[in-house]
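S.K.: Got a file for you: query.cif, mmCIF, C-alpha atoms.
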data_structure
loop_
_atom_site.label_atom_id
_atom_site.label_comp_id
_atom_site.auth_asym_id
_atom_site.auth_seq_id
_atom_site.Cartn_x
_atom_site.Cartn_y
_atom_site.Cartn_z
CA MET A 10 -53.63 -33.85 35.02
CA ARG A 11 -54.13 -36.90 32.81
CA TYR A 12 -54.67 -40.53 33.76
CA ARG A 13 -56.24 -43.76 32.49
CA ASP A 14 -59.27 -45.10 34.33
CA ALA A 15 -59.92 -48.74 35.24
CA SER A 16 -61.08 -49.50 31.70
CA GLY A 17 -57.96 -47.95 30.13
CA LYS A 18 -59.74 -44.84 28.88
CA GLN A 19 -57.64 -41.68 29.01
CA CYS A 20 -59.15 -38.99 31.24
CA LYS A 21 -58.29 -35.38 31.85
CA GLU A 22 -58.99 -33.05 34.78
CA ASN A 23 -57.99 -29.39 35.05
CA TYR A 24 -56.86 -27.69 38.26
CA ALA A 25 -55.77 -24.08 38.81
CA ARG A 26 -53.14 -25.03 41.37
CA LYS A 27 -50.44 -27.67 40.93
CA PRO A 28 -50.72 -28.94 44.55
CA ASP A 29 -54.42 -29.68 43.95
CA ALA A 30 -53.62 -31.57 40.75
CA ASP A 31 -50.88 -33.56 42.51
CA ALA A 32 -53.19 -34.47 45.38
CA ARG A 33 -55.88 -35.60 42.96
CA ALA A 34 -53.36 -37.61 40.94
CA ALA A 35 -52.19 -39.40 44.09
CA ALA A 36 -55.78 -40.15 45.13
CA VAL A 37 -56.62 -41.49 41.66
CA GLU A 38 -53.55 -43.73 41.64
CA THR A 39 -54.42 -45.10 45.09
CA ASP A 40 -58.05 -45.79 44.12
CA LEU A 41 -56.98 -47.48 40.88
CA ASN A 42 -54.53 -49.71 42.73
CA ARG A 43 -57.24 -50.68 45.23
CA GLY A 44 -59.86 -51.20 42.54
CA GLU A 45 -61.99 -48.45 44.12
CA PHE A 46 -61.79 -45.80 41.41
CA ILE A 47 -65.03 -43.85 40.83
CA ASP A 48 -65.47 -41.70 37.73
CA ARG A 49 -66.64 -38.27 38.89
CA LYS A 50 -68.53 -37.73 35.64
CA ALA A 51 -70.56 -40.88 36.24
CA GLY A 52 -71.52 -39.58 39.66
CA ARG A 53 -73.03 -36.48 38.02
CA GLU A 54 -75.74 -38.65 36.48
CA THR A 55 -79.14 -37.98 37.95
CA PHE A 56 -80.81 -40.53 40.18
CA ARG A 57 -83.57 -40.80 37.57
CA ALA A 58 -81.09 -41.69 34.79
CA VAL A 59 -79.50 -44.41 36.90
CA ALA A 60 -82.89 -45.72 38.06
CA GLU A 61 -84.26 -45.88 34.52
CA ARG A 62 -81.18 -47.77 33.35
CA TRP A 63 -81.66 -50.25 36.19
CA ARG A 64 -85.40 -50.53 35.51
CA ALA A 65 -84.79 -51.29 31.82
CA SER A 66 -82.52 -54.21 32.69
CA ALA A 67 -84.43 -55.61 35.69
CA VAL A 68 -86.33 -58.85 35.15
CA HIS A 69 -89.84 -58.26 36.52
CA ARG A 70 -93.29 -59.64 35.98
CA PRO A 71 -95.52 -57.15 34.12
CA SER A 72 -97.44 -56.31 37.29
CA THR A 73 -94.22 -55.78 39.26
CA ALA A 74 -92.69 -53.66 36.50
CA ALA A 75 -95.80 -51.45 36.45
CA SER A 76 -95.71 -51.11 40.24
CA VAL A 77 -92.01 -50.13 40.21
CA ARG A 78 -92.63 -47.51 37.52
CA GLN A 79 -95.59 -46.06 39.38
CA ARG A 80 -93.73 -45.87 42.71
CA LEU A 81 -90.74 -44.15 41.13
CA GLU A 82 -92.83 -41.62 39.23
CA SER A 83 -95.18 -40.82 42.12
CA HIS A 84 -92.98 -41.00 45.21
CA VAL A 85 -89.27 -40.99 44.35
CA TYR A 86 -88.54 -38.86 41.29
CA PRO A 87 -90.29 -35.70 42.57
CA ALA A 88 -87.81 -35.54 45.47
CA LEU A 89 -84.67 -37.29 44.20
CA GLY A 90 -85.05 -37.72 40.45
CA GLN A 91 -83.05 -34.69 39.29
CA ARG A 92 -80.36 -34.88 41.97
CA PRO A 93 -76.87 -36.03 40.87
CA ILE A 94 -76.71 -39.50 42.39
CA ALA A 95 -73.28 -38.91 43.92
CA ASP A 96 -74.59 -35.84 45.76
CA ILE A 97 -77.47 -37.59 47.52
CA ARG A 98 -76.71 -37.77 51.22
CA GLN A 99 -78.01 -40.04 53.95
CA SER A 100 -79.81 -37.09 55.50
CA GLU A 101 -81.82 -36.67 52.29
CA ILE A 102 -82.82 -40.34 52.37
CA LYS A 103 -83.98 -39.95 55.97
CA ALA A 104 -85.91 -36.79 55.07
CA TRP A 105 -87.58 -38.66 52.20
CA ILE A 106 -88.60 -41.47 54.54
CA LYS A 107 -90.05 -39.00 57.06
CA ASP A 108 -92.03 -37.21 54.34
CA ARG A 109 -93.38 -40.33 52.63
CA SER A 110 -94.30 -41.99 55.94
CA GLN A 111 -97.01 -39.33 56.23
CA VAL A 112 -98.45 -40.39 52.88
CA LEU A 113 -97.80 -44.09 52.39
CA ALA A 114 -98.93 -47.06 54.42
CA PRO A 115 -96.04 -48.89 56.14
CA VAL A 116 -95.99 -51.73 53.61
CA SER A 117 -96.05 -49.32 50.65
CA LEU A 118 -93.30 -47.22 52.23
CA ARG A 119 -91.16 -50.31 52.72
CA ASN A 120 -91.69 -51.51 49.14
CA THR A 121 -90.95 -48.08 47.66
CA TYR A 122 -87.84 -47.59 49.78
CA ALA A 123 -86.64 -51.04 48.68
CA ILE A 124 -86.54 -49.70 45.10
CA ILE A 125 -84.30 -46.80 46.15
CA VAL A 126 -82.00 -49.22 48.00
CA THR A 127 -81.78 -51.46 44.92
CA VAL A 128 -80.99 -48.54 42.58
CA MET A 129 -78.27 -47.28 44.91
CA ARG A 130 -76.79 -50.77 45.23
CA SER A 131 -76.79 -51.09 41.44
CA ALA A 132 -74.96 -47.75 41.18
CA VAL A 133 -72.31 -48.99 43.61
CA LEU A 134 -71.80 -52.20 41.63
CA ASP A 135 -71.54 -50.21 38.38
CA GLY A 136 -68.90 -47.93 39.88
CA VAL A 137 -71.11 -44.84 39.69
CA ILE A 138 -70.87 -44.13 43.44
CA ARG A 139 -68.50 -45.43 46.09
CA SER A 140 -71.12 -46.30 48.72
CA SER A 141 -74.88 -46.16 49.14
CA PRO A 142 -76.44 -43.40 51.23
CA CYS A 143 -79.07 -45.99 52.24
CA ASP A 144 -76.53 -48.00 54.24
CA GLY A 145 -77.44 -47.89 57.91
CA VAL A 146 -80.80 -46.17 57.36
CA LYS A 147 -83.69 -47.85 59.14
CA LEU A 148 -87.36 -47.51 58.42
CA PRO A 149 -89.83 -46.74 61.22
CA THR A 150 -90.91 -49.80 63.15
CA ARG A 151 -93.99 -51.22 61.52
CA ARG A 152 -96.92 -52.25 63.65
CA ARG A 153 -98.38 -55.51 62.46
CA THR A 154 -102.14 -55.33 62.11
CA GLU A 155 -104.03 -58.55 62.53
CA VAL A 156 -106.25 -59.75 59.71
CA VAL A 157 -109.88 -59.79 60.82
CA PRO A 158 -111.92 -61.86 58.35
CA PRO A 159 -115.62 -61.10 57.92
CA GLY A 160 -117.93 -63.40 59.83
CA ASP A 161 -120.33 -66.02 58.52
CA VAL A 162 -123.32 -63.68 58.73
CA ALA A 163 -121.57 -60.91 56.79
CA VAL A 164 -120.37 -63.32 54.08
CA ARG A 165 -123.84 -64.80 53.64
CA ALA A 166 -125.22 -61.27 53.37
CA LEU A 167 -122.68 -60.44 50.65
CA ILE A 168 -123.67 -63.55 48.70
CA ASP A 169 -127.37 -62.73 48.99
CA ALA A 170 -126.73 -59.10 48.00
CA ALA A 171 -125.23 -60.07 44.64
CA PRO A 172 -127.42 -58.36 41.99
CA THR A 173 -127.20 -61.12 39.36
CA ILE A 174 -126.59 -64.85 39.16
CA ARG A 175 -123.11 -64.02 37.81
CA GLU A 176 -122.04 -61.98 40.85
CA ARG A 177 -123.63 -64.50 43.22
CA ALA A 178 -121.59 -67.35 41.70
CA LEU A 179 -118.45 -65.21 41.81
CA VAL A 180 -118.81 -64.15 45.46
CA LEU A 181 -119.73 -67.66 46.59
CA LEU A 182 -116.79 -69.16 44.69
CA ALA A 183 -114.44 -66.60 46.23
CA ALA A 184 -115.60 -67.49 49.74
CA CYS A 185 -115.37 -71.23 49.05
CA SER A 186 -111.97 -71.28 47.37
CA GLY A 187 -109.80 -68.42 48.66
CA LEU A 188 -108.77 -67.49 45.12
CA ARG A 189 -107.24 -64.08 44.54
CA GLN A 190 -109.27 -61.55 42.54
CA GLY A 191 -107.08 -61.90 39.44
CA GLU A 192 -107.30 -65.68 39.69
CA LEU A 193 -111.10 -65.54 39.81
CA PHE A 194 -111.39 -63.26 36.80
CA GLY A 195 -108.81 -65.32 34.88
CA LEU A 196 -110.73 -68.59 35.27
CA GLU A 197 -111.79 -70.34 32.09
CA VAL A 198 -114.38 -73.09 31.84
CA ARG A 199 -111.61 -75.65 31.44
CA HIS A 200 -110.33 -74.83 34.94
CA VAL A 201 -113.41 -76.13 36.78
CA ASP A 202 -113.90 -79.89 37.13
CA PHE A 203 -117.58 -80.16 38.00
CA LEU A 204 -117.44 -83.92 38.64
CA ARG A 205 -114.44 -83.86 40.98
CA ARG A 206 -115.62 -80.53 42.45
CA GLU A 207 -112.32 -78.73 42.17
CA VAL A 208 -110.82 -75.71 40.45
CA ARG A 209 -107.39 -75.46 38.86
CA VAL A 210 -105.41 -72.21 39.13
CA ASP A 211 -102.64 -71.70 36.57
CA GLN A 212 -103.13 -68.11 35.39
CA GLN A 213 -104.58 -64.76 36.44
CA LEU A 214 -106.18 -61.79 34.76
CA CYS A 215 -103.88 -58.77 35.04
CA ASP A 216 -105.15 -55.21 34.81
CA ILE A 217 -102.16 -52.90 34.50
CA THR A 218 -102.84 -49.30 33.57
CA GLY A 219 -100.42 -46.64 32.39
CA LYS A 220 -98.28 -45.99 29.33
CA GLY A 221 -96.81 -49.22 28.02
CA ALA A 222 -98.20 -51.16 30.99
CA GLY A 223 -100.08 -53.77 28.98
CA GLY A 224 -103.72 -53.13 29.84
CA VAL A 225 -105.82 -56.23 30.56
CA PHE A 226 -104.30 -59.61 29.76
CA LEU A 227 -103.92 -63.17 31.02
CA GLY A 228 -100.66 -63.60 32.88
CA PRO A 229 -98.91 -66.44 34.72
CA ALA A 230 -99.87 -67.32 38.28
CA LYS A 231 -98.38 -65.03 40.94
CA THR A 232 -95.73 -67.58 41.96
CA HIS A 233 -94.85 -71.20 41.26
CA GLU A 234 -96.73 -72.19 44.43
CA ALA A 235 -99.81 -70.26 43.27
CA VAL A 236 -100.35 -72.92 40.61
CA ARG A 237 -102.63 -75.28 42.50
CA THR A 238 -105.86 -77.28 42.57
CA VAL A 239 -108.45 -76.29 45.18
CA PRO A 240 -111.32 -78.58 46.24
CA LEU A 241 -114.74 -76.89 46.17
CA ALA A 242 -117.87 -77.13 48.25
CA LYS A 243 -120.94 -78.40 46.41
CA ALA A 244 -122.67 -75.02 46.82
CA ALA A 245 -119.92 -73.25 44.88
CA VAL A 246 -119.89 -75.82 42.08
CA ASP A 247 -123.68 -75.68 41.79
CA ALA A 248 -123.68 -71.87 41.70
CA VAL A 249 -121.10 -71.75 38.89
CA ALA A 250 -122.94 -74.49 36.98
CA ALA A 251 -126.26 -72.65 37.32
CA PHE A 252 -124.67 -69.43 36.08
CA LEU A 253 -123.08 -71.11 33.05
CA ALA A 254 -126.37 -72.84 32.25
CA ALA A 255 -128.21 -69.51 32.36
CA SER A 256 -125.47 -67.62 30.50
CA PRO A 257 -123.46 -69.95 28.27
CA PRO A 258 -119.87 -68.67 28.08
CA ARG A 259 -118.79 -66.76 25.01
CA GLU A 260 -115.28 -66.56 23.67
CA VAL A 261 -113.46 -63.43 24.77
CA GLU A 262 -110.51 -62.12 22.76
CA VAL A 263 -107.66 -61.39 25.13
CA TRP A 264 -103.86 -61.26 25.11
CA ASP A 265 -102.38 -64.37 26.71
CA ARG A 266 -98.99 -63.65 28.27
CA THR A 267 -98.78 -66.68 30.51
CA ASP A 268 -95.59 -67.44 28.58
CA PRO A 269 -93.81 -64.05 28.51
CA ARG A 270 -91.62 -65.24 25.64
CA LYS A 271 -94.58 -66.06 23.40
CA PRO A 272 -97.46 -63.63 23.97
CA VAL A 273 -100.44 -64.46 21.80
CA LYS A 274 -103.88 -63.00 21.27
CA ARG A 275 -106.48 -65.75 21.58
CA ASN A 276 -110.11 -66.48 22.39
CA ALA A 277 -110.70 -67.53 25.97
CA LEU A 278 -113.86 -69.00 27.51
CA LEU A 279 -113.70 -66.82 30.63
CA ILE A 280 -116.24 -67.80 33.28
CA PHE A 281 -116.67 -64.28 34.62
CA PRO A 282 -116.41 -61.69 31.81
CA ASN A 283 -118.15 -58.36 32.34
CA ALA A 284 -121.67 -57.57 31.15
CA GLU A 285 -120.31 -56.58 27.72
CA GLY A 286 -118.51 -59.91 27.34
CA ARG A 287 -115.02 -58.48 27.87
CA PRO A 288 -112.41 -59.19 30.57
CA VAL A 289 -113.22 -57.53 33.88
CA GLN A 290 -111.34 -54.33 34.74
CA ARG A 291 -110.46 -53.21 38.25
CA SER A 292 -112.37 -49.90 38.45
CA PRO A 293 -115.78 -51.10 37.18
CA TRP A 294 -115.58 -54.12 39.46
CA ALA A 295 -114.81 -51.87 42.46
CA ARG A 296 -118.07 -50.02 41.82
CA THR A 297 -119.99 -53.29 41.52
CA TRP A 298 -118.49 -54.54 44.77
CA SER A 299 -119.30 -51.29 46.57
CA GLY A 300 -122.94 -51.75 45.61
CA ILE A 301 -122.93 -55.33 46.91
CA VAL A 302 -121.54 -54.20 50.28
CA LYS A 303 -124.14 -51.45 50.62
CA ARG A 304 -127.01 -53.82 49.81
CA ALA A 305 -125.64 -56.41 52.23
CA ASN A 306 -125.49 -53.97 55.11
CA ALA A 307 -128.92 -52.59 54.29
CA ALA A 308 -130.36 -56.11 54.35
CA LEU A 309 -128.68 -56.85 57.70
CA GLU A 310 -130.14 -53.66 59.16
CA VAL A 311 -133.64 -54.48 57.91
CA ALA A 312 -133.31 -57.97 59.40
CA GLY A 313 -132.44 -56.45 62.76
CA ARG A 314 -129.01 -58.07 62.86
CA ASP A 315 -126.15 -56.47 64.76
CA GLU A 316 -123.52 -57.76 62.34
CA ARG A 317 -122.32 -55.65 59.44
CA VAL A 318 -119.89 -56.04 56.57
CA PRO A 319 -116.87 -54.13 57.97
CA ALA A 320 -115.92 -50.87 56.30
CA GLY A 321 -113.19 -51.34 53.71
CA THR A 322 -114.06 -54.99 53.05
CA THR A 323 -112.97 -56.08 49.58
CA LEU A 324 -113.28 -59.25 47.55
CA HIS A 325 -109.82 -60.17 48.87
CA ASP A 326 -111.27 -60.39 52.39
CA LEU A 327 -113.21 -63.45 51.27
CA ARG A 328 -109.78 -65.06 50.81
CA HIS A 329 -109.09 -64.33 54.49
CA TYR A 330 -112.52 -65.74 55.35
CA TYR A 331 -111.70 -68.96 53.51
CA ALA A 332 -108.39 -69.23 55.37
CA SER A 333 -110.18 -68.71 58.69
CA LEU A 334 -112.56 -71.57 57.89
CA LEU A 335 -109.65 -73.93 57.23
CA ILE A 336 -107.93 -72.90 60.44
CA LYS A 337 -111.14 -73.19 62.46
CA HIS A 338 -111.44 -76.79 61.28
CA ARG A 339 -107.85 -77.44 62.40
CA GLU A 340 -106.14 -77.70 59.03
CA SER A 341 -102.33 -77.59 59.23
CA VAL A 342 -100.20 -74.61 58.23
CA LYS A 343 -98.96 -76.59 55.24
CA THR A 344 -102.51 -77.31 54.05
CA VAL A 345 -103.58 -73.67 54.40
CA GLN A 346 -100.44 -72.55 52.55
CA LYS A 347 -101.13 -75.00 49.75
CA ARG A 348 -104.79 -74.02 49.37
CA LEU A 349 -104.00 -70.29 49.34
CA GLY A 350 -100.99 -70.66 47.05
CA HIS A 351 -98.57 -68.86 49.38
CA SER A 352 -94.95 -69.12 48.31
CA LYS A 353 -93.74 -69.91 51.87
CA PRO A 354 -95.32 -71.24 55.08
CA SER A 355 -93.94 -68.18 56.87
CA ILE A 356 -96.31 -65.96 54.86
CA THR A 357 -99.25 -68.07 56.02
CA LEU A 358 -98.09 -67.93 59.63
CA ASP A 359 -97.32 -64.20 59.57
CA THR A 360 -100.80 -63.48 58.25
CA TYR A 361 -102.92 -65.90 60.25
CA THR A 362 -101.00 -66.91 63.41
CA HIS A 363 -103.58 -65.25 65.67
CA LEU A 364 -106.34 -67.37 64.13
CA TRP A 365 -104.62 -70.60 65.19
CA MET A 366 -105.24 -69.91 68.88
CA GLU A 367 -106.89 -72.96 70.36
CA ASP A 368 -110.20 -72.79 72.20
CA GLU A 369 -108.71 -75.13 74.78
CA ASP A 370 -105.20 -76.14 75.72
CA THR A 371 -104.60 -79.62 74.30
CA THR A 372 -100.94 -79.75 75.34
CA ARG A 373 -101.63 -81.75 78.49
CA ALA A 374 -103.76 -84.27 76.60
CA ALA A 375 -101.04 -84.75 73.97
CA VAL A 376 -98.40 -85.59 76.58
CA GLU A 377 -100.83 -87.75 78.56
CA ALA A 378 -101.53 -89.83 75.46
CA ALA A 379 -97.84 -90.58 75.00
CA LEU A 380 -96.52 -90.86 78.57
CA GLY A 381 -99.53 -90.85 80.82
CA ASP A 382 -99.14 -94.54 81.77
CA VAL A 383 -95.57 -94.23 83.05
CA PRO A 384 -95.73 -95.09 86.80
CA PRO A 385 -93.75 -93.21 89.44
CA MET A 386 -90.56 -94.81 90.78
CA CYS A 387 -91.02 -96.89 93.91
CA PRO A 388 -88.94 -95.70 96.90
CA GLU A 389 -87.28 -99.15 97.11
CA ARG A 390 -85.78 -98.72 93.61
CA GLN A 391 -83.99 -95.46 94.36
CA ALA A 392 -80.25 -95.73 93.85
CA GLY A 393 -78.31 -96.24 97.03
#
Would you put the structure from the file into structure tokens?
M.R.:
Amino acid sequence: MRYRDASGKQCKENYARKPDADARAAAVETDLNRGEFIDRKAGRETFRAVAERWRASAVHRPSTAASVRQRLESHVYPALGQRPIADIRQSEIKAWIKDRSQVLAPVSLRNTYAIIVTVMRSAVLDGVIRSSPCDGVKLPTRRRTEVVPPGDVAVRALIDAAPTIRERALVLLAACSGLRQGELFGLEVRHVDFLRREVRVDQQLCDITGKGAGGVFLGPAKTHEAVRTVPLAKAAVDAVAAFLAASPPREVEVWDRTDPRKPVKRNALLIFPNAEGRPVQRSPWARTWSGIVKRANAALEVAGRDERVPAGTTLHDLRHYYASLLIKHRESVKTVQKRLGHSKPSITLDTYTHLWMEDEDTTRAAVEAALGDVPPMCPERQAG
């Protein structure tokens, strides 16, 4: 049988029996009239081919693009990559979810599955498949784990355990500002106003490994809301000033991709380069941090303190510590969101709601202040 598809291209399909050809011709005509025609040859494309075509056209930040590539290569393509996309059934998607839930944390599973959903939706819109096998599939219910920031004693121990004046300034600044790790390592001297005691965040240092990933470079802030100015405690300003006085900053050659349209290699006066005077990379810093945690806990043990730096604590936990300080001193959700650079107040609430629990119920006092002087109605004034 011969027919023209939705684009007008002539197509041909061979059948051994005339009734089969007639049935197919009728189905094709119906689908064309409804605008639901799907080219069977397109459906024979592998999931990987469709996903790579989508990935090439998707607009992502460099860090997001690297994450998408890594998730596809590590967790999706081994199971689904070579399957014709039209042959993938809902049962296979459910089996993939069951298998990966044994390997990935709930958030990682959700983010990886979201990529599969997006690829399938793109295939539907492109007319490669009629419907997505992800429709109606639900992920396992995720238990929300509460953020538990390190305590004052543990944070002070981490600061004191810093091996050099550089690491001490870095750890203290992290605890006093709530900056993300990339924001800390992307700071230049121009970002700190020592007189006003504040730090400006408008970029971050990205460390993206893998083929074509970009390596280490300065990139734009995580979101529009992440561009912010954070007031600093005097101790943090003094620590950074002391470090810069002891080790005057040197220019570091680094790619600047804060404007993705105009990447440029330039010299940057980074505040916290590594010991060799180059931008900090993730793996070496992880080893440095591990040493700081071990020394902090050893010092706490020698001092006879019961507190310890919790296992798994990272530099990012000092961001949670900073947030807990703001909440403890009754800052509003909006203020905490602004200081942390969250894109939405809901992110701040979802992460830190449990920390806003009041030590005492002030509801009664609030109502008393407004209406506490309203007298009761006298019996004589009752209607009737």
S.K.: From the set A:Trp105, A:Trp294, A:Tyr330, A:Trp264, which residue has the shortest atom-to-atom contact distance to Leu148 of chain A, counting all atoms listed in the file?
M.R.: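 Ranking A:Trp105, A:Trp294, A:Tyr330, A:Trp264 by distance to Leu148 of chain A, first place goes to A:Trp105.
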S.K.: Would you write out, as number ranges by chain, every residue that the PyMOL selection byres ((chain A and resi 349) around 9) captures in this file?
M.R.: A: 186-189, 234-235, 237, 239, 328, 331-332, 344-348, 350-351, 357
S.K.: Extract, using all atoms listed in the file, all DNA, RNA and protein residues at most 8 Å from segment 88-94 of chain A, discarding same-chain residues fewer than 5 positions from it, and format them as an MDAnalysis selection string.
M.R.: chainID A and resid 52:59 105 138
S.K.: Smallest atom-to-atom distance to Val128 of chain A: which of A:Arg177, A:Arg62, A:Lys147, A:Arg109, using only C-alpha atoms?
M.R.: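 That would be A:Arg62, the residue with the smallest distance to Val128 of chain A.
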S.K.: Which of these residues is nearest to Arg304 of chain A, using only C-alpha atoms: A:Ala248, A:Val126, A:Val289, A:Leu167?
M.R.: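 Looking only at the distances to Arg304 of chain A, the closest residue turns out to be A:Leu167.
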S.K.: Just give me the gap between atom CA of Gly191 of chain A and atom CA of Val156 of chain A in Å, one decimal is fine.
M.R.: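 A separation of 20.4 Å between them.
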